[in-house]
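Asker: If it helps, the file is called run37.pdb and holds PDB, C-alpha atoms, pLDDT in the B column:
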```
ATOM      1  CA  MET A   1      41.134   9.199  15.562  1.00 48.00           C
ATOM      2  CA  LEU A   2      43.160   6.046  15.020  1.00 53.00           C
ATOM      3  CA  MET A   3      42.954   4.204  11.741  1.00 55.00           C
ATOM      4  CA  SER A   4      43.200   0.488  11.236  1.00 61.00           C
ATOM      5  CA  GLU A   5      45.962  -0.877   9.016  1.00 64.00           C
ATOM      6  CA  GLU A   6      43.376  -1.680   6.339  1.00 60.00           C
ATOM      7  CA  GLN A   7      42.105   1.909   6.342  1.00 59.00           C
ATOM      8  CA  LYS A   8      45.662   3.262   6.133  1.00 60.00           C
ATOM      9  CA  SER A   9      46.502   1.051   3.166  1.00 63.00           C
ATOM     10  CA  ASN A  10      43.234   1.952   1.435  1.00 59.00           C
ATOM     11  CA  VAL A  11      43.809   5.689   1.902  1.00 60.00           C
ATOM     12  CA  LEU A  12      47.422   5.351   0.738  1.00 59.00           C
ATOM     13  CA  ALA A  13      46.272   3.487  -2.373  1.00 59.00           C
ATOM     14  CA  LEU A  14      43.677   6.211  -3.041  1.00 55.00           C
ATOM     15  CA  SER A  15      46.286   8.970  -2.763  1.00 56.00           C
ATOM     16  CA  GLN A  16      48.508   7.247  -5.351  1.00 56.00           C
ATOM     17  CA  LEU A  17      45.836   7.006  -8.036  1.00 51.00           C
ATOM     18  CA  THR A  18      45.513   9.504 -10.873  1.00 49.00           C
ATOM     19  CA  ASN A  19      42.166  10.871 -12.065  1.00 48.00           C
ATOM     20  CA  ASP A  20      41.849   8.239 -14.793  1.00 45.00           C
ATOM     21  CA  GLU A  21      42.705   5.341 -12.476  1.00 52.00           C
ATOM     22  CA  LEU A  22      40.223   6.135  -9.729  1.00 50.00           C
ATOM     23  CA  HIS A  23      38.031   3.043  -9.434  1.00 49.00           C
ATOM     24  CA  VAL A  24      34.577   3.355  -7.968  1.00 56.00           C
ATOM     25  CA  GLU A  25      34.669   0.049  -6.091  1.00 55.00           C
ATOM     26  CA  MET A  26      37.919   0.903  -4.365  1.00 59.00           C
ATOM     27  CA  LEU A  27      36.640   4.337  -3.442  1.00 60.00           C
ATOM     28  CA  CYS A  28      33.439   2.845  -2.056  1.00 62.00           C
ATOM     29  CA  GLY A  29      35.440   0.426   0.068  1.00 64.00           C
ATOM     30  CA  ILE A  30      37.625   3.186   1.464  1.00 65.00           C
ATOM     31  CA  LEU A  31      34.710   5.469   2.231  1.00 66.00           C
ATOM     32  CA  GLU A  32      32.697   2.615   3.694  1.00 66.00           C
ATOM     33  CA  SER A  33      35.452   1.765   6.154  1.00 67.00           C
ATOM     34  CA  VAL A  34      35.970   5.418   7.138  1.00 66.00           C
ATOM     35  CA  ILE A  35      32.285   6.364   7.275  1.00 63.00           C
ATOM     36  CA  SER A  36      31.302   3.295   9.275  1.00 63.00           C
ATOM     37  CA  ASP A  37      33.595   4.600  12.047  1.00 64.00           C
ATOM     38  CA  THR A  38      31.473   7.808  12.207  1.00 60.00           C
ATOM     39  CA  VAL A  39      34.324  10.231  11.572  1.00 66.00           C
ATOM     40  CA  SER A  40      33.637  13.953  11.822  1.00 73.00           C
ATOM     41  CA  GLY A  41      33.934  16.091   8.697  1.00 73.00           C
ATOM     42  CA  GLU A  42      37.107  17.806   9.911  1.00 78.00           C
ATOM     43  CA  ASP A  43      38.719  14.458  10.750  1.00 77.00           C
ATOM     44  CA  LEU A  44      37.828  13.128   7.315  1.00 74.00           C
ATOM     45  CA  VAL A  45      39.406  16.144   5.566  1.00 78.00           C
ATOM     46  CA  SER A  46      42.581  15.902   7.624  1.00 78.00           C
ATOM     47  CA  LEU A  47      42.738  12.140   7.089  1.00 73.00           C
ATOM     48  CA  LEU A  48      42.343  12.419   3.320  1.00 72.00           C
ATOM     49  CA  THR A  49      44.683  15.408   2.893  1.00 76.00           C
ATOM     50  CA  SER A  50      47.370  13.853   5.099  1.00 73.00           C
ATOM     51  CA  SER A  51      47.208  10.832   2.813  1.00 68.00           C
ATOM     52  CA  GLY A  52      47.966  12.943  -0.225  1.00 69.00           C
ATOM     53  CA  LEU A  53      44.504  13.659  -1.600  1.00 72.00           C
ATOM     54  CA  GLN A  54      44.015  17.221  -2.810  1.00 79.00           C
ATOM     55  CA  ARG A  55      42.162  19.449  -0.357  1.00 83.00           C
ATOM     56  CA  ASP A  56      39.383  20.357  -2.828  1.00 85.00           C
ATOM     57  CA  ARG A  57      38.649  16.663  -3.403  1.00 80.00           C
ATOM     58  CA  ALA A  58      38.675  15.971   0.320  1.00 79.00           C
ATOM     59  CA  ASN A  59      36.227  18.860   0.811  1.00 82.00           C
ATOM     60  CA  LEU A  60      34.014  17.348  -1.883  1.00 81.00           C
ATOM     61  CA  PHE A  61      33.784  14.129   0.139  1.00 76.00           C
ATOM     62  CA  VAL A  62      32.912  16.090   3.267  1.00 77.00           C
ATOM     63  CA  SER A  63      30.229  18.110   1.466  1.00 82.00           C
ATOM     64  CA  GLN A  64      28.612  14.834   0.373  1.00 78.00           C
ATOM     65  CA  TYR A  65      29.162  13.079   3.735  1.00 74.00           C
ATOM     66  CA  ASP A  66      25.470  12.605   4.620  1.00 73.00           C
ATOM     67  CA  HIS A  67      24.695  11.264   1.157  1.00 77.00           C
ATOM     68  CA  LEU A  68      27.708   8.944   1.334  1.00 73.00           C
ATOM     69  CA  GLN A  69      26.502   7.577   4.684  1.00 74.00           C
ATOM     70  CA  GLU A  70      23.119   6.777   3.126  1.00 77.00           C
ATOM     71  CA  LEU A  71      24.797   5.048   0.174  1.00 74.00           C
ATOM     72  CA  VAL A  72      26.998   2.967   2.467  1.00 71.00           C
ATOM     73  CA  ALA A  73      23.967   1.913   4.512  1.00 73.00           C
ATOM     74  CA  LEU A  74      22.030   1.049   1.345  1.00 74.00           C
ATOM     75  CA  ARG A  75      24.945  -0.930  -0.034  1.00 70.00           C
ATOM     76  CA  LYS A  76      25.207  -2.936   3.190  1.00 70.00           C
ATOM     77  CA  CYS A  77      21.478  -3.687   3.102  1.00 68.00           C
ATOM     78  CA  LEU A  78      21.625  -4.830  -0.520  1.00 69.00           C
ATOM     79  CA  GLU A  79      24.638  -7.041   0.127  1.00 65.00           C
ATOM     80  CA  ASN A  80      23.251  -8.527   3.345  1.00 64.00           C
ATOM     81  CA  PRO A  81      19.499  -8.950   3.081  1.00 64.00           C
ATOM     82  CA  ARG A  82      18.134 -10.106   6.397  1.00 75.00           C
ATOM     83  CA  GLU A  83      14.711 -11.250   5.330  1.00 81.00           C
ATOM     84  CA  GLN A  84      12.770 -11.590   2.114  1.00 84.00           C
ATOM     85  CA  LEU A  85       9.136 -10.549   1.911  1.00 85.00           C
ATOM     86  CA  VAL A  86       7.221 -13.576   0.646  1.00 91.00           C
ATOM     87  CA  ASP A  87       3.593 -12.545   0.989  1.00 93.00           C
ATOM     88  CA  LEU A  88       1.469  -9.599   2.031  1.00 89.00           C
ATOM     89  CA  GLN A  89      -2.191 -10.043   2.955  1.00 92.00           C
ATOM     90  CA  TRP A  90      -4.716  -7.569   4.263  1.00 89.00           C
ATOM     91  CA  LYS A  91      -8.257  -7.542   5.592  1.00 93.00           C
ATOM     92  CA  PHE A  92     -10.562  -4.554   5.903  1.00 92.00           C
ATOM     93  CA  GLY A  93     -12.656  -4.256   9.008  1.00 92.00           C
ATOM     94  CA  VAL A  94     -15.218  -2.016  10.687  1.00 91.00           C
ATOM     95  CA  VAL A  95     -15.726  -1.720  14.430  1.00 87.00           C
ATOM     96  CA  ALA A  96     -19.346  -2.756  14.995  1.00 86.00           C
ATOM     97  CA  GLY A  97     -19.588  -1.821  18.639  1.00 82.00           C
ATOM     98  CA  SER A  98     -17.335  -0.620  21.406  1.00 79.00           C
ATOM     99  CA  SER A  99     -17.449   0.638  24.960  1.00 83.00           C
ATOM    100  CA  SER A 100     -15.186   3.512  23.905  1.00 81.00           C
ATOM    101  CA  GLU A 101     -16.878   6.627  22.627  1.00 81.00           C
ATOM    102  CA  GLY A 102     -16.449   7.209  18.892  1.00 77.00           C
ATOM    103  CA  GLU A 103     -14.974   3.773  18.130  1.00 81.00           C
ATOM    104  CA  ALA A 104     -18.087   2.278  16.557  1.00 83.00           C
ATOM    105  CA  GLY A 105     -17.995   2.572  12.782  1.00 85.00           C
ATOM    106  CA  ARG A 106     -14.213   3.124  12.647  1.00 87.00           C
ATOM    107  CA  THR A 107     -12.563   1.402   9.671  1.00 90.00           C
ATOM    108  CA  PHE A 108      -9.215  -0.340   9.910  1.00 91.00           C
ATOM    109  CA  VAL A 109      -6.936  -2.668   7.975  1.00 93.00           C
ATOM    110  CA  GLN A 110      -5.168  -5.716   9.362  1.00 94.00           C
ATOM    111  CA  VAL A 111      -1.980  -6.430   7.430  1.00 92.00           C
ATOM    112  CA  LYS A 112      -0.115  -9.740   7.575  1.00 94.00           C
ATOM    113  CA  PHE A 113       3.506  -9.766   6.370  1.00 90.00           C
ATOM    114  CA  ILE A 114       5.094 -13.161   5.751  1.00 93.00           C
ATOM    115  CA  SER A 115       8.865 -13.092   5.390  1.00 90.00           C
ATOM    116  CA  ARG A 116      11.572 -15.697   4.904  1.00 89.00           C
ATOM    117  CA  THR A 117      14.548 -15.448   7.230  1.00 83.00           C
ATOM    118  CA  ALA A 118      18.131 -16.339   6.318  1.00 76.00           C
ATOM    119  CA  SER A 119      17.508 -19.783   7.847  1.00 79.00           C
ATOM    120  CA  GLU A 120      14.582 -20.299   5.413  1.00 84.00           C
ATOM    121  CA  ASN A 121      11.895 -20.058   8.133  1.00 88.00           C
ATOM    122  CA  LEU A 122       8.622 -18.285   7.298  1.00 92.00           C
ATOM    123  CA  VAL A 123       7.727 -15.650   9.871  1.00 91.00           C
ATOM    124  CA  PRO A 124       4.297 -13.940   9.967  1.00 94.00           C
ATOM    125  CA  ARG A 125       3.995 -10.394  11.333  1.00 92.00           C
ATOM    126  CA  TYR A 126       0.719  -8.605  11.980  1.00 94.00           C
ATOM    127  CA  VAL A 127       0.007  -4.874  11.879  1.00 92.00           C
ATOM    128  CA  GLU A 128      -3.257  -2.985  12.257  1.00 93.00           C
ATOM    129  CA  MET A 129      -3.634   0.522  10.845  1.00 92.00           C
ATOM    130  CA  SER A 130      -6.238   3.045   9.786  1.00 91.00           C
ATOM    131  CA  LEU A 131      -7.516   3.003   6.237  1.00 90.00           C
ATOM    132  CA  HIS A 132      -5.711   6.281   5.489  1.00 91.00           C
ATOM    133  CA  LYS A 133      -2.358   4.925   6.752  1.00 92.00           C
ATOM    134  CA  PHE A 134      -2.879   1.749   4.733  1.00 91.00           C
ATOM    135  CA  TYR A 135      -3.342   3.734   1.508  1.00 92.00           C
ATOM    136  CA  ASP A 136      -0.192   5.737   2.321  1.00 93.00           C
ATOM    137  CA  PHE A 137       1.680   2.481   2.958  1.00 89.00           C
ATOM    138  CA  LEU A 138       0.394   0.954  -0.288  1.00 89.00           C
ATOM    139  CA  HIS A 139       1.495   4.056  -2.199  1.00 93.00           C
ATOM    140  CA  GLN A 140       4.997   3.775  -0.684  1.00 92.00           C
ATOM    141  CA  LEU A 141       5.174   0.104  -1.676  1.00 87.00           C
ATOM    142  CA  GLU A 142       4.219   0.981  -5.255  1.00 91.00           C
ATOM    143  CA  LYS A 143       6.915   3.672  -5.363  1.00 91.00           C
ATOM    144  CA  ALA A 144       9.502   1.224  -4.007  1.00 88.00           C
ATOM    145  CA  LYS A 145       8.481  -1.371  -6.587  1.00 87.00           C
ATOM    146  CA  ALA A 146       8.788   1.173  -9.402  1.00 88.00           C
ATOM    147  CA  SER A 147      12.248   2.186  -8.168  1.00 87.00           C
ATOM    148  CA  LEU A 148      13.398  -1.420  -7.968  1.00 83.00           C
ATOM    149  CA  GLU A 149      12.038  -2.147 -11.437  1.00 85.00           C
ATOM    150  CA  TYR A 150      13.810   0.929 -12.777  1.00 82.00           C
ATOM    151  CA  MET A 151      17.096  -0.284 -11.273  1.00 80.00           C
ATOM    152  CA  ASN A 152      16.422  -3.801 -12.635  1.00 74.00           C
ATOM    153  CA  TYR A 153      16.366  -5.450  -9.190  1.00 65.00           C
ATOM    154  CA  LEU A 154      12.979  -7.077  -9.842  1.00 56.00           C
TER     155      LEU A 154
END
```
Show me this structure written as structure tokens.
Answerer:
Amino acid sequence: MLMSEEQKSNVLALSQLTNDELHVEMLCGILESVISDTVSGEDLVSLLTSSGLQRDRANLFVSQYDHLQELVALRKCLENPREQLVDLQWKFGVVAGSSSEGEAGRTFVQVKFISRTASENLVPRYVEMSLHKFYDFLHQLEKAKASLEYMNYL
């Protein structure tokens, strides 16, 4: 695996830091650049140890590799939001009659998402789902809201 000059300088800077000087932002930047290149665990260990990082610390990064990939992806999403949810509307419905067997009396929910793009345009999106899936979706939204409130993003 070939490293860019930026990655080499970041890894070199990491290897020269002591325990007390290790800054989280710098570490995140280094890992983000390495992880975004989808390096294997063995390559990551050899890269970090060849740069002077102790083997046990390099192994710690590898053991947390999946979690680090999720954090990098989350960080990118938070820094670069693509769209903002502006409004969410729903309507309940019941199928009154149908030529398909078993469709009559089925309940459903039509959901309308309105989002604002980066260019400030409002875009509506429509989804239809069963009542059960809607309640699951609503529960997930409530959990997400609680998490965002806990992290003070709302």
Asker: In Å, with one decimal, what is the gap from atom CA of A:Val72 to atom CA of A:Leu85?
Answerer: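 Atom-to-atom, atom CA of A:Val72 to atom CA of A:Leu85, that is 22.4 Å.
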Asker: How far is it from atom CA of A:Ser46 to atom CA of A:His67, in Å with one decimal?
Answerer: 19.6 Å
Asker: A:Phe92: which residues within 9 Å, counting all atoms listed in the file, same-chain residues fewer than 5 positions away excluded, as a VMD selection string?
Answerer: chain A and resid 107 to 111 131
Asker: So how far away is atom CA of A:His132 from atom CA of A:Arg116, in Å?
Answerer: 28.0 Å
Asker: Which residues, named as in the file, does the PyMOL selection byres ((chain A and resi 61) around 12) pick out? Answer as a ChimeraX atom specification.
Answerer: /A:27-28,30-31,34-35,40-49,53-60,62-69
Asker: Applying 12 Å and all atoms listed in the file, which residues near A:Asn121 remain after dropping the ones on its own chain fewer than 4 positions away? List them as a list in words.
Answerer: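 Neighbouring residues, sequence-local ones excluded: Arg82, Glu83, Gln84, Leu85, Val86, Ile114, Ser115, Arg116 and Thr117 of chain A.
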Asker: For this structure, which residues satisfy the selection - the PyMOL selection byres ((chain A and resi 88) around 6) - when it is evaluated on the file as given? I want them as a PyMOL selection string.
Answerer: chain A and resi 87+89+112-113
Asker: Near A:Val95, within 8 Å and counting only C-alpha atoms, which residues show up once chain neighbours fewer than 6 positions away are dropped, as a PDB file with C-alpha atoms, in the frame of the given file?
Answerer:
```pdb
ATOM      1  CA  GLU A 103     -14.974   3.773  18.130  1.00 81.00           C
ATOM      2  CA  ALA A 104     -18.087   2.278  16.557  1.00 83.00           C
ATOM      3  CA  GLY A 105     -17.995   2.572  12.782  1.00 85.00           C
ATOM      4  CA  ARG A 106     -14.213   3.124  12.647  1.00 87.00           C
ATOM      5  CA  THR A 107     -12.563   1.402   9.671  1.00 90.00           C
TER       6      THR A 107
END
```
Asker: Can you tell me, as AutoDock Vina command-line options, the centre and edge lengths (Å, one decimal) of the axis-aligned box enclosing all of stretch 129-142 of chain A's listed atoms after padding each side by 6 Å?
Answerer:
```
--center_x -1.2 --center_y 3.2 --center_z 2.8 --size_x 24.7 --size_y 18.2 --size_z 28.1
```
